[in-house]
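Asker: Before we start, here is the structure in question, set down as structure tokens.
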Amino acid sequence: MQRQTSGAGQPQPALLRYLNYLKQGTLLARVQARLDANRRARRRAWWQAEYEKGRQFKDIRLLPGVRFRLFWNSEISWLLFVKDFEAAERRFHQAFLRQGDVYVDIGANIGIFTVIAARKVGRTGRVYDFEPIAATYDRLQQNIALNRCKNVSTYPLALSDAPGRAEMTISTDGFDGRNSMAKPTGGEHFALETVSLSTLDAFVAENDLAGRITMVKIDVEGWENHVLAGAGRTFSAPDAPLLQVEFTEEALQTANSSSAQLYQALKKFGYDLFLFDEDKRGLKPASQEDVRDRFVNVIASKHPDRVFARLKG
């Protein structure tokens with residue numbers, strides 16, 4: 001945050017600056033931004049100190065009611081703890097999901113959305129996870145066990161447009177959120193791992209889930225259009241689930257796709273696309289321009305009135 005200066009070019013007294021913020025209606029936002037910056041700085045320092053102790057992981061209370069195992073060679077762990085990664089999306093899950101819901105996590109990684117969903121849907125609900133990378137799948141299982149989630153079923157599979165087997169490129173230098181069926185967007189050292197493939201439509205049919213899924217999260221590092229292609233029956237239905245889909249142009253291009261193609265694919269299924277407005281606890285329409293050349297998670301719904309009702313409830 002830049003320091004404001006007086007007309008003579010001298011630093012503006014703190015009291016005067018804050019009086020100006022108050023007049024502008026930005027005081028609370030600026031104070032919160034400063035508090036957030038200080039908290040992140042403390043967390044960054046703590047992380048570095050713990051890393052230097054040679055730790056492999058540490059269990060912390062990341063959210064109310066949620067304990068989480070952070071791994072010191074994991075970019076995702078660092079982002080979650082230090083940068084509050086996808087904090088708005090986490091709050092959306094907490095506001096939207098209800099007891100008895102059925103939730104599907106495609107690209108579950110180490111499980112932050114899984115454990116939030118498991119807690120929200122409760123004993124009468126169900127969570128289904130897909131995470132194909134063996135080491136990441138093991139860490140996902142650890143976080144499920146740490147939170148005593150008895151309502152989660154996990155599958156070491158990648159969902160795509162057809163069943164079979166394929167090679168995934170995985171980071172060996174900590175960029176665990178960039179593992180991809182295409183080319184990873186981060187890291188310098190990689191390995192190949194052969195994984196099993198299935199489709200969402202096949203899984204839904206095999207488990208009698210047609211019309212019963214409340215929400216699906218899709219975060220597969222550029223492979224999103226392939227997942228949609230294997231979910232045509234599920235996502236074309238009038239009672240299709242709510243979706244949270246990651247748009248990352250760089251990752252999509254590595255899979256010979258684009259944000260524009262992903263946007264249009266969701267529209268063809270009959271979805272309306274939104275961004276979560278955290279301040280108003282609601283949704284705002286997302287245009288194709290809103291998702292171009294940026295990282296953003298889109299909420300797609302065929303019944304936005306029902307989503308609004310849940311968020312306001």
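Every chain in the structure tokens takes a letter, A first, then B, and so on in the order presented; its residues are numbered from 1, and the ligands are numbered from 1 following the presented order.
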Need the shell around Leu157 (chain A): protein/DNA/RNA residues with any atom at most 8 Å away, counting only C-alpha atoms. Skip same-chain ones fewer than 2 positions apart. Format as an NGL selection string?

Answerer: :A and (130-132 or 155 or 159 or 195-198)

Asker: As a PyMOL selection string, please: every residue in region 74-286 of chain A that DSSP puts in strand (DSSP E).

Answerer: chain A and resi 102-106+126-130+152-155+157-159+164-171+190-198+215-218+242-248+272-277+282-285

Asker: Can you tell me which residues surround Lys83 (chain A) at a distance of at most 9 Å, considering only C-alpha atoms, apart from same-chain residues fewer than 3 positions away, and format the answer as a PyMOL selection string?

Answerer: chain A and resi 40+43-44+78-80+86-87

Asker: Write out as a VMD selection string the residues lying within 8 Å of Val102 (chain A), counting only C-alpha atoms and excluding same-chain residues fewer than 2 positions away.

Answerer: chain A and resid 100 104 121 125 to 128 212 to 215

Asker: For those residues, write C-alpha atoms to a file as a CSV table (one decimal), in the first residue's frame.

Answerer:
```csv
chain,number,residue,atom,x,y,z
A,100,GLY,CA,-27.9,-34.5,2.7
A,104,VAL,CA,-18.4,-34.7,-6.5
A,121,VAL,CA,-23.3,-32.5,3.8
A,125,GLY,CA,-24.9,-36.7,2.5
A,126,ARG,CA,-22.1,-38.1,0.4
A,127,VAL,CA,-18.9,-37.0,-1.2
A,128,TYR,CA,-17.2,-38.7,-4.2
A,212,ARG,CA,-29.1,-36.9,-7.3
A,213,ILE,CA,-25.8,-34.9,-7.5
A,214,THR,CA,-26.0,-31.4,-5.9
A,215,MET,CA,-22.7,-30.0,-6.9
```

Asker: Just give me the gap between CA of Pro163 (chain A) and CA of Ala210 (chain A) in Å, one decimal is fine.

Answerer: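 Separation between CA of Pro163 (chain A) and CA of Ala210 (chain A): 19.0 Å.
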